[in-house]
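*Asks:* Below you will find the structure I want to go over with you.
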Amino acid sequence: MAIATHQDSLDTASFTVRSLAKDDVHQTLEIEKEVFPNLFPPTSFHRELKNPNSHFLVATRNVFTKRKSPIHEVETSQRGILHHFLNVIRSRRSRAVSNPEHIVGFIGTWYMVDEAHIVSIGVRNEYQGQGIGNLLFLGAIDHAIKTGAETITLEVRPSNLKARNLYKKHGLSERGVRKSYYSDDREDAIIMTSEPIQMPEFTRRHQSLKRGGD
């Protein structure tokens, strides 16, 4: 079941957030490798699917492309009546066909006692800046609320101002620092935690953001 949707600026495409499925693992690994090239070992998404305390979501894009009629493949060098038929065919509208589902991002949550811990979020480079990270985070919050978690927490790089601002918008605040947390460059990590997510103030903000509010 889809958790959230977003219609982008193109009438021909939409983004949907849903739970990770077995058939998604290959594409999700591709995204992780692209976004976190130095991550080792890679996430075992197959294992995460079997872990009752883990839940991953993916953002998908349903893409539509135009495909020419097979008759367009006839060599245009021919003349006469064939040339006439080609002119008629060119005037027809191309048929739109749906491509297979394309995964553009993912987010992972581990549930520990009453806490939902966001462990990973990644969006394909070509889709960054289109609100996919926000959509994924909305979906993760939705799931955490429905699961009965009390708080949401995560680590973020101090240098990642865009992500920090996104999390603040969703009600998380900076509570501490983990020194030399990231193994690739030893950068610290800022610990961000939400207020109780079952409280009316938090859920009202969340519903407002889902409707597109600030």
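Each chain of the structure tokens is named A, B, ... in the order shown, its residues numbered from 1; ligands are numbered from 1 in display order.
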Give me, as a Markdown table, each residue of stretch 100-183 of chain A that comes within 12 Å of stretch 28-44 of chain A, together with its shortest interatomic pair and the distance in Å at one decimal, counting only C-alpha atoms, with rows ordered by chain and rising residue number.

*Replies:*
```
| residue | atom | partner | partner_atom | distance |
| --- | --- | --- | --- | --- |
| A:His102 | CA | A:Thr28 | CA | 10.2 |
| A:Ile103 | CA | A:Thr28 | CA | 7.1 |
| A:Val104 | CA | A:Ile31 | CA | 7.5 |
| A:Gly105 | CA | A:Ile31 | CA | 6.9 |
| A:Phe106 | CA | A:Thr28 | CA | 6.9 |
| A:Ile107 | CA | A:Thr28 | CA | 9.9 |
| A:Gly108 | CA | A:Thr43 | CA | 10.2 |
| A:Val119 | CA | A:Thr43 | CA | 10.6 |
| A:Ser120 | CA | A:Glu32 | CA | 9.2 |
| A:Ile121 | CA | A:Glu32 | CA | 8.7 |
| A:Gly122 | CA | A:Val35 | CA | 6.3 |
| A:Val123 | CA | A:Ile31 | CA | 6.7 |
| A:Arg124 | CA | A:Ile31 | CA | 5.7 |
| A:Asn125 | CA | A:Val35 | CA | 7.2 |
| A:Glu126 | CA | A:Glu34 | CA | 10.6 |
| A:Tyr127 | CA | A:Ile31 | CA | 11.0 |
| A:Gln128 | CA | A:Val35 | CA | 10.5 |
| A:Tyr182 | CA | A:Leu39 | CA | 9.8 |
| A:Ser183 | CA | A:Leu39 | CA | 8.6 |
```

*Asks:* Based on the selection just made, write N, CA and C atoms of those residues as a PDB file, in the first residue's frame.

*Replies:*
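Everything below was put into part-v8.pdb:
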```pdb
ATOM      1  N   HIS A 102      10.415   2.424 -11.347  1.00  0.00           N
ATOM      2  CA  HIS A 102      11.798   2.866 -11.178  1.00  0.00           C
ATOM      3  C   HIS A 102      11.965   3.419  -9.772  1.00  0.00           C
ATOM      4  N   ILE A 103      12.890   2.847  -8.996  1.00  0.00           N
ATOM      5  CA  ILE A 103      13.119   3.281  -7.620  1.00  0.00           C
ATOM      6  C   ILE A 103      14.114   4.421  -7.615  1.00  0.00           C
ATOM      7  N   VAL A 104      13.757   5.506  -6.939  1.00  0.00           N
ATOM      8  CA  VAL A 104      14.601   6.697  -6.945  1.00  0.00           C
ATOM      9  C   VAL A 104      15.203   6.997  -5.578  1.00  0.00           C
ATOM     10  N   GLY A 105      14.734   6.349  -4.520  1.00  0.00           N
ATOM     11  CA  GLY A 105      15.283   6.614  -3.200  1.00  0.00           C
ATOM     12  C   GLY A 105      14.772   5.618  -2.178  1.00  0.00           C
ATOM     13  N   PHE A 106      15.401   5.623  -0.995  1.00  0.00           N
ATOM     14  CA  PHE A 106      14.984   4.720   0.082  1.00  0.00           C
ATOM     15  C   PHE A 106      15.266   5.366   1.433  1.00  0.00           C
ATOM     16  N   ILE A 107      14.588   4.851   2.451  1.00  0.00           N
ATOM     17  CA  ILE A 107      14.848   5.257   3.836  1.00  0.00           C
ATOM     18  C   ILE A 107      14.656   4.040   4.723  1.00  0.00           C
ATOM     19  N   GLY A 108      15.545   3.891   5.710  1.00  0.00           N
ATOM     20  CA  GLY A 108      15.471   2.745   6.609  1.00  0.00           C
ATOM     21  C   GLY A 108      15.299   3.167   8.058  1.00  0.00           C
ATOM     22  N   VAL A 119      18.160   5.052  10.097  1.00  0.00           N
ATOM     23  CA  VAL A 119      19.542   4.607   9.925  1.00  0.00           C
ATOM     24  C   VAL A 119      20.128   4.982   8.575  1.00  0.00           C
ATOM     25  N   SER A 120      19.286   5.214   7.591  1.00  0.00           N
ATOM     26  CA  SER A 120      19.816   5.506   6.264  1.00  0.00           C
ATOM     27  C   SER A 120      18.747   6.138   5.388  1.00  0.00           C
ATOM     28  N   ILE A 121      19.164   7.090   4.567  1.00  0.00           N
ATOM     29  CA  ILE A 121      18.278   7.683   3.581  1.00  0.00           C
ATOM     30  C   ILE A 121      19.121   8.065   2.365  1.00  0.00           C
ATOM     31  N   GLY A 122      18.673   7.669   1.195  1.00  0.00           N
ATOM     32  CA  GLY A 122      19.435   7.951  -0.011  1.00  0.00           C
ATOM     33  C   GLY A 122      18.531   8.176  -1.209  1.00  0.00           C
ATOM     34  N   VAL A 123      18.919   9.116  -2.053  1.00  0.00           N
ATOM     35  CA  VAL A 123      18.159   9.460  -3.260  1.00  0.00           C
ATOM     36  C   VAL A 123      19.131   9.492  -4.438  1.00  0.00           C
ATOM     37  N   ARG A 124      18.744   8.908  -5.544  1.00  0.00           N
ATOM     38  CA  ARG A 124      19.596   8.943  -6.736  1.00  0.00           C
ATOM     39  C   ARG A 124      20.007  10.382  -7.036  1.00  0.00           C
ATOM     40  N   ASN A 125      21.251  10.559  -7.467  1.00  0.00           N
ATOM     41  CA  ASN A 125      21.772  11.902  -7.722  1.00  0.00           C
ATOM     42  C   ASN A 125      20.897  12.695  -8.682  1.00  0.00           C
ATOM     43  N   GLU A 126      20.416  12.046  -9.721  1.00  0.00           N
ATOM     44  CA  GLU A 126      19.634  12.770 -10.735  1.00  0.00           C
ATOM     45  C   GLU A 126      18.274  13.223 -10.227  1.00  0.00           C
ATOM     46  N   TYR A 127      17.820  12.682  -9.087  1.00  0.00           N
ATOM     47  CA  TYR A 127      16.518  13.051  -8.542  1.00  0.00           C
ATOM     48  C   TYR A 127      16.621  13.929  -7.297  1.00  0.00           C
ATOM     49  N   GLN A 128      17.838  14.266  -6.904  1.00  0.00           N
ATOM     50  CA  GLN A 128      17.985  15.101  -5.718  1.00  0.00           C
ATOM     51  C   GLN A 128      17.490  16.519  -6.015  1.00  0.00           C
ATOM     52  N   TYR A 182      31.661   9.169  11.542  1.00  0.00           N
ATOM     53  CA  TYR A 182      31.681   8.635  10.178  1.00  0.00           C
ATOM     54  C   TYR A 182      33.061   8.075   9.844  1.00  0.00           C
ATOM     55  N   SER A 183      33.063   6.815   9.383  1.00  0.00           N
ATOM     56  CA  SER A 183      34.324   6.100   9.209  1.00  0.00           C
ATOM     57  C   SER A 183      35.143   6.596   8.021  1.00  0.00           C
TER      58      SER A 183
END
```

*Asks:* What's the 8 Å shell around A:Met192, counting only C-alpha atoms, without same-chain residues fewer than 5 positions away, as a PyMOL selection string?

*Replies:* chain A and resi 153-156+167+172-176

*Asks:* Write the residues you've just listed into a file as a PDB file, in the first residue's frame, and include N, CA and C atoms for each of them.

*Replies:*
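What follows is the written file out-v4.pdb:
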```
ATOM      1  N   THR A 153      14.723   9.383  16.101  1.00  0.00           N
ATOM      2  CA  THR A 153      16.072   9.890  16.288  1.00  0.00           C
ATOM      3  C   THR A 153      16.938   9.485  15.096  1.00  0.00           C
ATOM      4  N   LEU A 154      18.034  10.216  14.902  1.00  0.00           N
ATOM      5  CA  LEU A 154      18.947   9.932  13.793  1.00  0.00           C
ATOM      6  C   LEU A 154      20.260  10.663  14.020  1.00  0.00           C
ATOM      7  N   GLU A 155      21.250  10.321  13.201  1.00  0.00           N
ATOM      8  CA  GLU A 155      22.519  11.040  13.169  1.00  0.00           C
ATOM      9  C   GLU A 155      22.667  11.713  11.807  1.00  0.00           C
ATOM     10  N   VAL A 156      23.258  12.891  11.801  1.00  0.00           N
ATOM     11  CA  VAL A 156      23.456  13.625  10.553  1.00  0.00           C
ATOM     12  C   VAL A 156      24.790  14.363  10.619  1.00  0.00           C
ATOM     13  N   TYR A 167      15.153  17.983   8.743  1.00  0.00           N
ATOM     14  CA  TYR A 167      14.751  17.308   9.973  1.00  0.00           C
ATOM     15  C   TYR A 167      14.175  18.298  10.984  1.00  0.00           C
ATOM     16  N   LEU A 172      12.417  17.738  14.632  1.00  0.00           N
ATOM     17  CA  LEU A 172      13.566  17.180  15.336  1.00  0.00           C
ATOM     18  C   LEU A 172      14.500  18.313  15.746  1.00  0.00           C
ATOM     19  N   SER A 173      15.144  18.148  16.874  1.00  0.00           N
ATOM     20  CA  SER A 173      16.098  19.153  17.344  1.00  0.00           C
ATOM     21  C   SER A 173      17.434  18.478  17.653  1.00  0.00           C
ATOM     22  N   GLU A 174      18.489  19.283  17.662  1.00  0.00           N
ATOM     23  CA  GLU A 174      19.837  18.758  17.875  1.00  0.00           C
ATOM     24  C   GLU A 174      20.086  18.573  19.371  1.00  0.00           C
ATOM     25  N   ARG A 175      20.449  17.347  19.753  1.00  0.00           N
ATOM     26  CA  ARG A 175      20.550  17.018  21.180  1.00  0.00           C
ATOM     27  C   ARG A 175      21.957  16.658  21.638  1.00  0.00           C
ATOM     28  N   GLY A 176      22.865  16.408  20.702  1.00  0.00           N
ATOM     29  CA  GLY A 176      24.204  16.007  21.114  1.00  0.00           C
ATOM     30  C   GLY A 176      25.084  15.727  19.914  1.00  0.00           C
TER      31      GLY A 176
END
```

*Asks:* So what do you get for atom CA of A:Thr16 versus atom CA of A:Leu136, distance-wise?

*Replies:*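 About the pair atom CA of A:Thr16 and atom CA of A:Leu136: they are 9.1 Å apart.
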
*Asks:* I'd like to know which of A:Glu150, A:Glu101, A:Glu48, A:Asp185 is closest to A:Asp114, using only C-alpha atoms.

*Replies:*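 When distances to A:Asp114 are compared using only C-alpha atoms, the smallest one comes from A:Glu150.
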
*Asks:* Between atom CA of A:Met112 and atom CA of A:Val177, what is the spacing in Å?

*Replies:* 20.0 Å
